[in-house]
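Listing of structure.pdb, PDB, C-alpha atoms
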ATOM      1  CA  MET A 655       0.000   0.000   0.000
ATOM      2  CA  VAL A 656       1.491   3.312  -1.082
ATOM      3  CA  GLN A 657       0.050   6.622   0.070
ATOM      4  CA  LEU A 658      -0.046   9.161  -2.742
ATOM      5  CA  ASP A 659      -1.986  11.917  -1.020
ATOM      6  CA  THR A 660      -4.020  12.430   2.156
ATOM      7  CA  ASP A 661      -6.970  10.677   0.552
ATOM      8  CA  GLU A 662      -5.407   8.626  -2.233
ATOM      9  CA  TYR A 663      -3.627   5.290  -1.990
ATOM     10  CA  PHE A 664      -2.049   2.935  -4.427
ATOM     11  CA  PHE A 665      -2.779  -0.685  -3.571
ATOM     12  CA  VAL A 666      -0.708  -3.252  -5.421
ATOM     13  CA  ILE A 667      -1.885  -6.850  -5.656
ATOM     14  CA  ASN A 668       0.230  -9.516  -7.243
ATOM     15  CA  GLN A 669      -1.585 -12.748  -7.986
ATOM     16  CA  HIS A 670      -0.638 -16.013  -9.557
ATOM     17  CA  PRO A 671      -2.951 -16.651 -12.517
ATOM     18  CA  ILE A 672      -3.790 -20.072 -11.104
ATOM     19  CA  VAL A 673      -6.025 -18.473  -8.459
ATOM     20  CA  SER A 674      -7.565 -15.705 -10.493
ATOM     21  CA  ASP A 675      -8.993 -14.511 -13.793
ATOM     22  CA  GLY A 676     -10.367 -11.303 -15.294
ATOM     23  CA  TRP A 677     -13.795 -11.864 -13.775
ATOM     24  CA  SER A 678     -12.237 -12.467 -10.346
ATOM     25  CA  LEU A 679     -10.387  -9.161 -10.506
ATOM     26  CA  ALA A 680     -13.656  -7.336 -11.137
ATOM     27  CA  VAL A 681     -15.294  -9.169  -8.220
ATOM     28  CA  MET A 682     -12.363  -8.409  -5.929
ATOM     29  CA  ASN A 683     -12.281  -4.758  -6.936
ATOM     30  CA  ARG A 684     -15.998  -4.397  -6.266
ATOM     31  CA  GLU A 685     -15.805  -6.190  -2.917
ATOM     32  CA  LEU A 686     -12.773  -4.237  -1.748
ATOM     33  CA  SER A 687     -14.611  -1.014  -2.541
ATOM     34  CA  ALA A 688     -17.720  -2.182  -0.689
ATOM     35  CA  LEU A 689     -15.743  -3.298   2.381
ATOM     36  CA  ASN A 690     -13.649  -0.163   2.346
ATOM     37  CA  SER A 691     -16.710   2.064   2.289
ATOM     38  CA  ALA A 692     -18.540   0.081   4.943
ATOM     39  CA  TYR A 693     -15.654  -0.203   7.420
ATOM     40  CA  SER A 694     -14.656   3.431   7.106
ATOM     41  CA  ASN A 695     -18.236   4.353   8.008
ATOM     42  CA  GLY A 696     -18.186   1.927  10.931
ATOM     43  CA  ASP A 697     -20.741  -0.304   9.203
ATOM     44  CA  PRO A 698     -20.605  -4.113   9.333
ATOM     45  CA  ASN A 699     -19.447  -6.300   6.438
ATOM     46  CA  PRO A 700     -22.077  -5.698   3.732
ATOM     47  CA  LEU A 701     -21.162  -8.683   1.584
ATOM     48  CA  PRO A 702     -23.557 -11.620   1.533
ATOM     49  CA  PRO A 703     -22.009 -14.927   2.627
ATOM     50  CA  LEU A 704     -20.943 -17.213  -0.231
ATOM     51  CA  SER A 705     -23.063 -20.309  -0.676
ATOM     52  CA  ILE A 706     -20.121 -22.320  -2.011
ATOM     53  CA  GLN A 707     -16.340 -21.964  -2.240
ATOM     54  CA  PHE A 708     -13.957 -22.710  -5.099
ATOM     55  CA  ALA A 709     -13.102 -26.083  -3.569
ATOM     56  CA  ASP A 710     -16.784 -27.051  -3.776
ATOM     57  CA  TYR A 711     -16.798 -26.126  -7.435
ATOM     58  CA  ALA A 712     -13.588 -28.070  -8.069
ATOM     59  CA  ALA A 713     -15.002 -31.165  -6.376
ATOM     60  CA  TRP A 714     -18.249 -30.846  -8.325
ATOM     61  CA  GLN A 715     -16.415 -30.367 -11.612
ATOM     62  CA  HIS A 716     -14.260 -33.405 -10.985
ATOM     63  CA  GLN A 717     -17.318 -35.559 -10.432
ATOM     64  CA  TRP A 718     -19.468 -34.017 -13.162
ATOM     65  CA  LEU A 719     -16.796 -34.323 -15.825
ATOM     66  CA  SER A 720     -16.321 -38.043 -15.587
ATOM     67  CA  GLY A 721     -17.536 -41.162 -17.309
ATOM     68  CA  ASP A 722     -19.657 -40.695 -20.425
ATOM     69  CA  ARG A 723     -19.688 -36.920 -20.255
ATOM     70  CA  PHE A 724     -15.898 -36.784 -20.202
ATOM     71  CA  GLU A 725     -15.749 -39.238 -23.105
ATOM     72  CA  THR A 726     -18.226 -37.249 -25.215
ATOM     73  CA  HIS A 727     -16.321 -34.007 -24.711
ATOM     74  CA  SER A 728     -12.951 -35.660 -25.282
ATOM     75  CA  LEU A 729     -14.194 -37.256 -28.469
ATOM     76  CA  TYR A 730     -15.343 -33.890 -29.809
ATOM     77  CA  TRP A 731     -11.965 -32.288 -29.250
ATOM     78  CA  ARG A 732     -10.023 -35.343 -30.407
ATOM     79  CA  THR A 733     -11.984 -35.387 -33.669
ATOM     80  CA  ASN A 734     -12.014 -31.651 -34.110
ATOM     81  CA  LEU A 735      -8.307 -31.153 -33.535
ATOM     82  CA  ALA A 736      -7.099 -34.231 -35.428
ATOM     83  CA  ASP A 737      -4.082 -33.390 -37.606
ATOM     84  CA  ALA A 738      -4.261 -29.745 -36.611
ATOM     85  CA  PRO A 739      -1.182 -27.643 -37.333
ATOM     86  CA  VAL A 740       1.087 -27.518 -34.299
ATOM     87  CA  LEU A 741       2.062 -23.923 -34.851
ATOM     88  CA  LEU A 742       0.817 -20.841 -36.598
ATOM     89  CA  ASP A 743       3.841 -19.948 -38.669
ATOM     90  CA  LEU A 744       3.746 -16.161 -38.588
ATOM     91  CA  PRO A 745       6.565 -14.187 -40.189
ATOM     92  CA  THR A 746       8.203 -12.997 -36.973
ATOM     93  CA  ASP A 747      10.908 -10.330 -36.836
ATOM     94  CA  ARG A 748      13.137 -12.581 -34.764
ATOM     95  CA  PRO A 749      13.418 -16.357 -34.456
ATOM     96  CA  ARG A 750      11.495 -18.072 -31.686
ATOM     97  CA  PRO A 751      13.829 -18.549 -28.712
ATOM     98  CA  ALA A 752      14.440 -22.052 -27.392
ATOM     99  CA  ILE A 753      13.038 -21.026 -24.028
ATOM    100  CA  GLN A 754       9.647 -19.358 -24.229
ATOM    101  CA  SER A 755       9.584 -15.763 -23.110
ATOM    102  CA  PHE A 756       6.486 -13.981 -21.860
ATOM    103  CA  THR A 757       7.522 -10.368 -22.267
ATOM    104  CA  GLY A 758       5.057  -8.402 -24.279
ATOM    105  CA  ASP A 759       3.523  -5.087 -25.148
ATOM    106  CA  ARG A 760       0.190  -3.871 -26.469
ATOM    107  CA  LEU A 761      -1.020  -1.704 -29.278
ATOM    108  CA  PRO A 762      -4.288   0.182 -28.849
ATOM    109  CA  ILE A 763      -7.054  -0.584 -31.341
ATOM    110  CA  ARG A 764     -10.117   1.515 -31.990
ATOM    111  CA  LEU A 765     -12.774   1.055 -34.662
ATOM    112  CA  ASP A 766     -14.936   4.136 -35.074
ATOM    113  CA  VAL A 767     -18.705   4.314 -34.676
ATOM    114  CA  GLN A 768     -19.360   3.904 -38.425
ATOM    115  CA  LEU A 769     -17.263   0.757 -38.815
ATOM    116  CA  THR A 770     -18.519  -0.724 -35.546
ATOM    117  CA  SER A 771     -22.110  -0.130 -36.556
ATOM    118  CA  ALA A 772     -21.524  -1.589 -40.042
ATOM    119  CA  LEU A 773     -19.908  -4.673 -38.469
ATOM    120  CA  ASN A 774     -22.815  -5.097 -36.081
ATOM    121  CA  HIS A 775     -25.148  -4.771 -39.032
ATOM    122  CA  ILE A 776     -23.504  -7.518 -41.109
ATOM    123  CA  SER A 777     -23.260  -9.694 -37.999
ATOM    124  CA  GLN A 778     -26.994  -9.394 -37.512
ATOM    125  CA  GLU A 779     -27.708 -10.062 -41.196
ATOM    126  CA  HIS A 780     -25.725 -13.288 -41.070
ATOM    127  CA  GLY A 781     -26.901 -14.466 -37.699
ATOM    128  CA  VAL A 782     -23.455 -14.267 -36.153
ATOM    129  CA  THR A 783     -22.089 -12.446 -33.125
ATOM    130  CA  GLN A 784     -19.700  -9.517 -33.260
ATOM    131  CA  LEU A 785     -16.985 -11.832 -31.941
ATOM    132  CA  MET A 786     -17.535 -14.227 -34.852
ATOM    133  CA  THR A 787     -17.279 -11.393 -37.375
ATOM    134  CA  VAL A 788     -14.028 -10.129 -35.887
ATOM    135  CA  LEU A 789     -12.753 -13.720 -35.703
ATOM    136  CA  THR A 790     -13.513 -14.111 -39.402
ATOM    137  CA  ALA A 791     -11.437 -11.055 -40.274
ATOM    138  CA  TRP A 792      -8.637 -11.952 -37.875
ATOM    139  CA  SER A 793      -8.406 -15.530 -39.135
ATOM    140  CA  SER A 794      -8.182 -14.228 -42.725
ATOM    141  CA  VAL A 795      -5.321 -11.931 -41.734
ATOM    142  CA  LEU A 796      -3.511 -14.716 -39.864
ATOM    143  CA  SER A 797      -4.050 -17.085 -42.767
ATOM    144  CA  ARG A 798      -2.516 -14.644 -45.239
ATOM    145  CA  LEU A 799       0.423 -13.872 -42.964
ATOM    146  CA  SER A 800       1.195 -17.522 -42.266
ATOM    147  CA  GLY A 801       0.265 -18.983 -45.635
ATOM    148  CA  GLN A 802      -1.787 -21.588 -43.718
ATOM    149  CA  ASP A 803      -5.393 -22.396 -44.538
ATOM    150  CA  ASP A 804      -5.937 -24.341 -41.343
ATOM    151  CA  ILE A 805      -5.484 -22.319 -38.178
ATOM    152  CA  ILE A 806      -6.369 -22.501 -34.523
ATOM    153  CA  ILE A 807      -7.229 -19.470 -32.462
ATOM    154  CA  GLY A 808      -7.677 -19.658 -28.722
ATOM    155  CA  THR A 809     -10.623 -17.770 -27.301
ATOM    156  CA  PRO A 810     -11.327 -17.457 -23.603
ATOM    157  CA  THR A 811     -14.707 -18.285 -22.165
ATOM    158  CA  VAL A 812     -15.640 -16.960 -18.721
ATOM    159  CA  ASN A 813     -17.124 -20.263 -17.547
ATOM    160  CA  ARG A 814     -19.388 -18.647 -14.945
ATOM    161  CA  GLY A 815     -22.567 -20.267 -16.131
ATOM    162  CA  HIS A 816     -24.065 -20.790 -12.704
ATOM    163  CA  HIS A 817     -25.161 -18.039 -10.302
ATOM    164  CA  GLN A 818     -23.512 -19.762  -7.335
ATOM    165  CA  ILE A 819     -20.062 -19.316  -8.842
ATOM    166  CA  GLU A 820     -20.560 -15.747 -10.060
ATOM    167  CA  ALA A 821     -19.292 -14.222  -6.815
ATOM    168  CA  LEU A 822     -16.290 -16.551  -6.390
ATOM    169  CA  LEU A 823     -12.643 -15.704  -6.887
ATOM    170  CA  GLY A 824     -10.705 -18.341  -8.763
ATOM    171  CA  PHE A 825      -9.401 -19.586 -12.054
ATOM    172  CA  PHE A 826     -12.631 -20.410 -13.871
ATOM    173  CA  VAL A 827     -11.787 -19.007 -17.293
ATOM    174  CA  ASN A 828     -11.294 -21.602 -19.980
ATOM    175  CA  THR A 829      -9.670 -21.392 -23.406
ATOM    176  CA  LEU A 830     -11.522 -22.752 -26.409
ATOM    177  CA  ALA A 831      -9.420 -23.893 -29.340
ATOM    178  CA  LEU A 832     -11.280 -22.674 -32.408
ATOM    179  CA  ARG A 833     -10.103 -24.430 -35.536
ATOM    180  CA  ILE A 834     -10.866 -22.429 -38.641
ATOM    181  CA  ASP A 835     -10.768 -23.875 -42.132
ATOM    182  CA  LEU A 836      -9.827 -21.240 -44.701
ATOM    183  CA  SER A 837      -9.249 -23.643 -47.582
ATOM    184  CA  GLY A 838     -10.814 -23.195 -51.011
ATOM    185  CA  GLU A 839     -10.818 -19.391 -50.971
ATOM    186  CA  PRO A 840     -14.142 -18.996 -49.165
ATOM    187  CA  THR A 841     -16.263 -15.891 -49.670
ATOM    188  CA  VAL A 842     -16.931 -13.697 -46.652
ATOM    189  CA  ARG A 843     -20.343 -15.314 -46.278
ATOM    190  CA  GLN A 844     -18.891 -18.816 -46.382
ATOM    191  CA  LEU A 845     -16.147 -17.964 -43.932
ATOM    192  CA  LEU A 846     -18.594 -16.316 -41.517
ATOM    193  CA  GLU A 847     -20.594 -19.544 -41.599
ATOM    194  CA  ARG A 848     -17.512 -21.697 -40.987
ATOM    195  CA  VAL A 849     -16.471 -19.508 -38.047
ATOM    196  CA  ARG A 850     -20.015 -19.647 -36.666
ATOM    197  CA  LYS A 851     -20.073 -23.452 -36.804
ATOM    198  CA  SER A 852     -16.622 -23.777 -35.299
ATOM    199  CA  THR A 853     -17.443 -21.360 -32.464
ATOM    200  CA  LEU A 854     -20.791 -22.958 -31.620
ATOM    201  CA  GLY A 855     -19.246 -26.433 -31.674
ATOM    202  CA  ALA A 856     -16.475 -25.350 -29.320
ATOM    203  CA  GLN A 857     -18.911 -23.566 -27.025
ATOM    204  CA  ALA A 858     -21.085 -26.671 -26.802
ATOM    205  CA  HIS A 859     -18.022 -28.541 -25.517
ATOM    206  CA  GLN A 860     -16.510 -25.766 -23.410
ATOM    207  CA  ASP A 861     -16.800 -27.693 -20.156
ATOM    208  CA  LEU A 862     -13.672 -29.686 -20.856
ATOM    209  CA  PRO A 863     -10.786 -27.611 -19.453
ATOM    210  CA  PHE A 864      -8.206 -26.536 -22.016
ATOM    211  CA  GLU A 865      -5.510 -28.373 -20.057
ATOM    212  CA  LYS A 866      -7.389 -31.623 -20.728
ATOM    213  CA  VAL A 867      -7.750 -30.767 -24.405
ATOM    214  CA  VAL A 868      -3.990 -30.287 -24.556
ATOM    215  CA  ASP A 869      -3.512 -33.705 -22.979
ATOM    216  CA  ILE A 870      -5.655 -35.227 -25.702
ATOM    217  CA  ASP A 871      -3.804 -33.533 -28.499
ATOM    218  CA  CYS A 872      -0.528 -35.362 -27.967
ATOM    219  CA  SER A 873       1.062 -34.019 -31.118
ATOM    220  CA  THR A 874       1.500 -30.625 -29.546
ATOM    221  CA  SER A 875       4.144 -29.166 -27.297
ATOM    222  CA  SER A 876       3.874 -27.079 -24.152
ATOM    223  CA  GLN A 877       1.942 -24.254 -25.788
ATOM    224  CA  PRO A 878      -0.378 -26.412 -27.832
ATOM    225  CA  GLY A 879      -0.348 -24.813 -31.224
ATOM    226  CA  LEU A 880      -2.431 -21.940 -30.007
ATOM    227  CA  TYR A 881      -0.066 -19.140 -30.585
ATOM    228  CA  THR A 882      -2.680 -16.503 -31.098
ATOM    229  CA  ASN A 883      -5.606 -15.591 -29.010
ATOM    230  CA  LEU A 884      -8.702 -13.586 -29.602
ATOM    231  CA  SER A 885     -10.976 -12.531 -26.863
ATOM    232  CA  SER A 886     -13.774 -10.217 -26.094
ATOM    233  CA  ASP A 887     -12.798  -8.602 -22.872
ATOM    234  CA  VAL A 888     -14.623  -9.858 -19.845
ATOM    235  CA  CYS A 889     -16.158  -7.175 -17.743
ATOM    236  CA  LEU A 890     -18.636  -7.665 -14.909
ATOM    237  CA  THR A 891     -20.574  -4.509 -15.654
ATOM    238  CA  GLU A 892     -21.601  -5.904 -19.000
ATOM    239  CA  GLN A 893     -23.155  -9.089 -17.729
TER     240      GLN A 893
ATOM    241  CA  MET B 913     -17.107   7.799  -0.056
ATOM    242  CA  ILE B 914     -14.257   5.549  -1.105
ATOM    243  CA  GLU B 915     -13.816   4.524  -4.676
ATOM    244  CA  SER B 916     -11.347   2.083  -6.111
ATOM    245  CA  THR B 917     -10.398   1.702  -9.723
ATOM    246  CA  GLU B 918      -8.006  -0.541 -11.555
ATOM    247  CA  ILE B 919      -4.997   1.156 -13.045
ATOM    248  CA  ASP B 920      -2.685   0.003 -15.784
ATOM    249  CA  ALA B 921       0.519  -0.955 -14.010
ATOM    250  CA  GLY B 922       2.415  -0.710 -17.271
ATOM    251  CA  TYR B 923       3.634  -4.250 -16.834
ATOM    252  CA  ASP B 924       2.849  -6.466 -19.737
ATOM    253  CA  THR B 925       3.163 -10.111 -20.446
ATOM    254  CA  ALA B 926       2.327 -12.004 -23.602
ATOM    255  CA  LYS B 927       1.006 -15.483 -23.062
ATOM    256  CA  TRP B 928       0.576 -15.854 -26.810
ATOM    257  CA  ASP B 929       2.402 -14.555 -29.874
ATOM    258  CA  LEU B 930      -0.500 -12.245 -30.643
ATOM    259  CA  GLU B 931      -3.482 -11.467 -28.438
ATOM    260  CA  LEU B 932      -6.459  -9.528 -29.666
ATOM    261  CA  HIS B 933      -8.695  -8.139 -26.931
ATOM    262  CA  LEU B 934     -11.722  -6.191 -28.031
ATOM    263  CA  ASN B 935     -14.769  -4.834 -26.346
ATOM    264  CA  GLU B 936     -17.551  -2.498 -27.410
ATOM    265  CA  VAL B 937     -17.584   0.762 -25.477
ATOM    266  CA  ASP B 938     -19.829   3.690 -26.390
ATOM    267  CA  GLU B 939     -20.685   2.181 -29.783
ATOM    268  CA  GLU B 940     -17.052   1.729 -30.707
ATOM    269  CA  ILE B 941     -15.019  -1.466 -30.768
ATOM    270  CA  VAL B 942     -11.919  -0.722 -28.730
ATOM    271  CA  GLY B 943      -9.144  -2.808 -27.237
ATOM    272  CA  THR B 944      -5.595  -3.910 -27.725
ATOM    273  CA  LEU B 945      -3.455  -6.113 -29.892
ATOM    274  CA  GLY B 946      -0.897  -7.637 -27.547
ATOM    275  CA  TYR B 947       2.271  -9.203 -28.854
ATOM    276  CA  SER B 948       5.414 -10.969 -27.806
ATOM    277  CA  THR B 949       8.223  -8.431 -27.924
ATOM    278  CA  VAL B 950      10.717 -11.254 -28.283
ATOM    279  CA  LEU B 951       9.218 -12.128 -31.664
ATOM    280  CA  PHE B 952       7.772  -8.908 -33.052
ATOM    281  CA  ASP B 953       8.712  -5.279 -33.537
ATOM    282  CA  ARG B 954       6.016  -2.750 -32.745
ATOM    283  CA  SER B 955       6.017  -1.554 -36.362
ATOM    284  CA  THR B 956       5.203  -5.085 -37.569
ATOM    285  CA  VAL B 957       2.296  -5.422 -35.170
ATOM    286  CA  LYS B 958       1.071  -1.981 -36.233
ATOM    287  CA  ARG B 959       1.004  -3.280 -39.787
ATOM    288  CA  TYR B 960      -0.945  -6.379 -38.669
ATOM    289  CA  ALA B 961      -3.479  -4.166 -36.898
ATOM    290  CA  GLY B 962      -3.797  -2.243 -40.162
ATOM    291  CA  TYR B 963      -4.498  -5.500 -42.026
ATOM    292  CA  LEU B 964      -7.212  -6.354 -39.529
ATOM    293  CA  ARG B 965      -8.854  -2.960 -39.978
ATOM    294  CA  ALA B 966      -8.608  -3.253 -43.782
ATOM    295  CA  MET B 967     -10.112  -6.743 -43.679
ATOM    296  CA  LEU B 968     -13.021  -5.595 -41.507
ATOM    297  CA  GLN B 969     -13.654  -2.663 -43.842
ATOM    298  CA  ALA B 970     -13.506  -4.956 -46.876
ATOM    299  CA  MET B 971     -15.985  -7.354 -45.243
ATOM    300  CA  VAL B 972     -18.469  -4.562 -44.690
ATOM    301  CA  VAL B 973     -18.218  -3.482 -48.332
ATOM    302  CA  ASP B 974     -18.181  -7.032 -49.669
ATOM    303  CA  VAL B 975     -21.231  -8.259 -47.807
ATOM    304  CA  GLU B 976     -23.432  -5.197 -48.237
TER     305      GLU B 976
END
Using structure tokens, write down the structure from this file.
Amino acid sequence: MVQLDTDEYFFVINQHPIVSDGWSLAVMNRELSALNSAYSNGDPNPLPPLSIQFADYAAWQHQWLSGDRFETHSLYWRTNLADAPVLLDLPTDRPRPAIQSFTGDRLPIRLDVQLTSALNHISQEHGVTQLMTVLTAWSSVLSRLSGQDDIIIGTPTVNRGHHQIEALLGFFVNTLALRIDLSGEPTVRQLLERVRKSTLGAQAHQDLPFEKVVDIDCSTSSQPGLYTNLSSDVCLTEQ
Amino acid sequence: MIESTEIDAGYDTAKWDLELHLNEVDEEIVGTLGYSTVLFDRSTVKRYAGYLRAMLQAMVVDVE
């Protein structure tokens, strides 16, 4: 905790990703604010007690994802990712180091009101979501850059489908491996449809944790072929 | 009244080679294109972001 001014503090939290995700950060931020406000006014803890804890969820998940259900999900991913390319071969500026590095940076992106509205319009016309439309464009770009017509893009899913786990802190987020077929020079319409099918198929089998999918796909290395990632940011206020 | 907000700590990691994070705010799609600085120069990623924008614009024209 660093004091910046008489009424302003800088509170630094460092978390291992294994115990957190984007949703958790929003929950924690909201709860810290609520507790802060209450305690400084001398009020009691305003937060409702949790009906379950992460350990309860983990135990439930372990039991739920077993037997036939596990087999069905595994079969989907095994079939869907069969013979998938191990790596998206982008033209990088420097060769990939032997030991993976995680240092990065970010470039801001902003699409103006006109383009956003036009994209929402074509999404609606084709019965796809905004995410699917952007995925279609992004997969085309990645396909051109890599010269590959078979690519996999990882997309996170919040995995908070039950109200009892909405208020929990923990690593719930899952990564879906979307395999996109760009062969045969598809038209925009055709590619939108392929992306739609791929996304819906993956979402229908999202309960299998990515780590298990990686185990299935034995042909891949530590970072299982999913070298790019597309996500719609997760934000509690939008739920 | 106490308010807390998240701030950008200016510390970035790249789990993937390229990471596209987008969100619609005030009728505009905004976000970031994250990249591994070990593999890419900023100018290259800027070009990639330009390709994405061009592709989205082309899709709008093509479909309508």
Item to check | At most 8 Å to chain B: residues in chain A, only C-alpha atoms, as an NGL selection string | outcome: :A and (683-684 or 686-687 or 690-691 or 746-751 or 755-767 or 769-773 or 776 or 788 or 791-792 or 794-795 or 842-843 or 880-887)
Next on the checklist: Here's the selection I'm unsure about, the PyMOL selection byres ((chain A and resi 818) around 8); applied to the file above, which residues does it give, as a PyMOL selection string?
Outcome noted: chain A and resi 704-706+816-817+819-822
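Note that the spacing between atom CA of A:Leu862 and atom CA of A:Leu719 amounts to 7.5 Å.
Straight-line separation from atom CA of A:Gln844 to atom CA of A:Thr787: 11.8 Å.
Pairwise distance (atom CA of A:Pro863, atom CA of A:Leu796) equals 25.2 Å.
When only C-alpha atoms are used to compute distances to A:Asn828, the closest of the residues A:Leu789, A:Val849, A:Leu742, A:Ile672 turns out to be A:Ile672.
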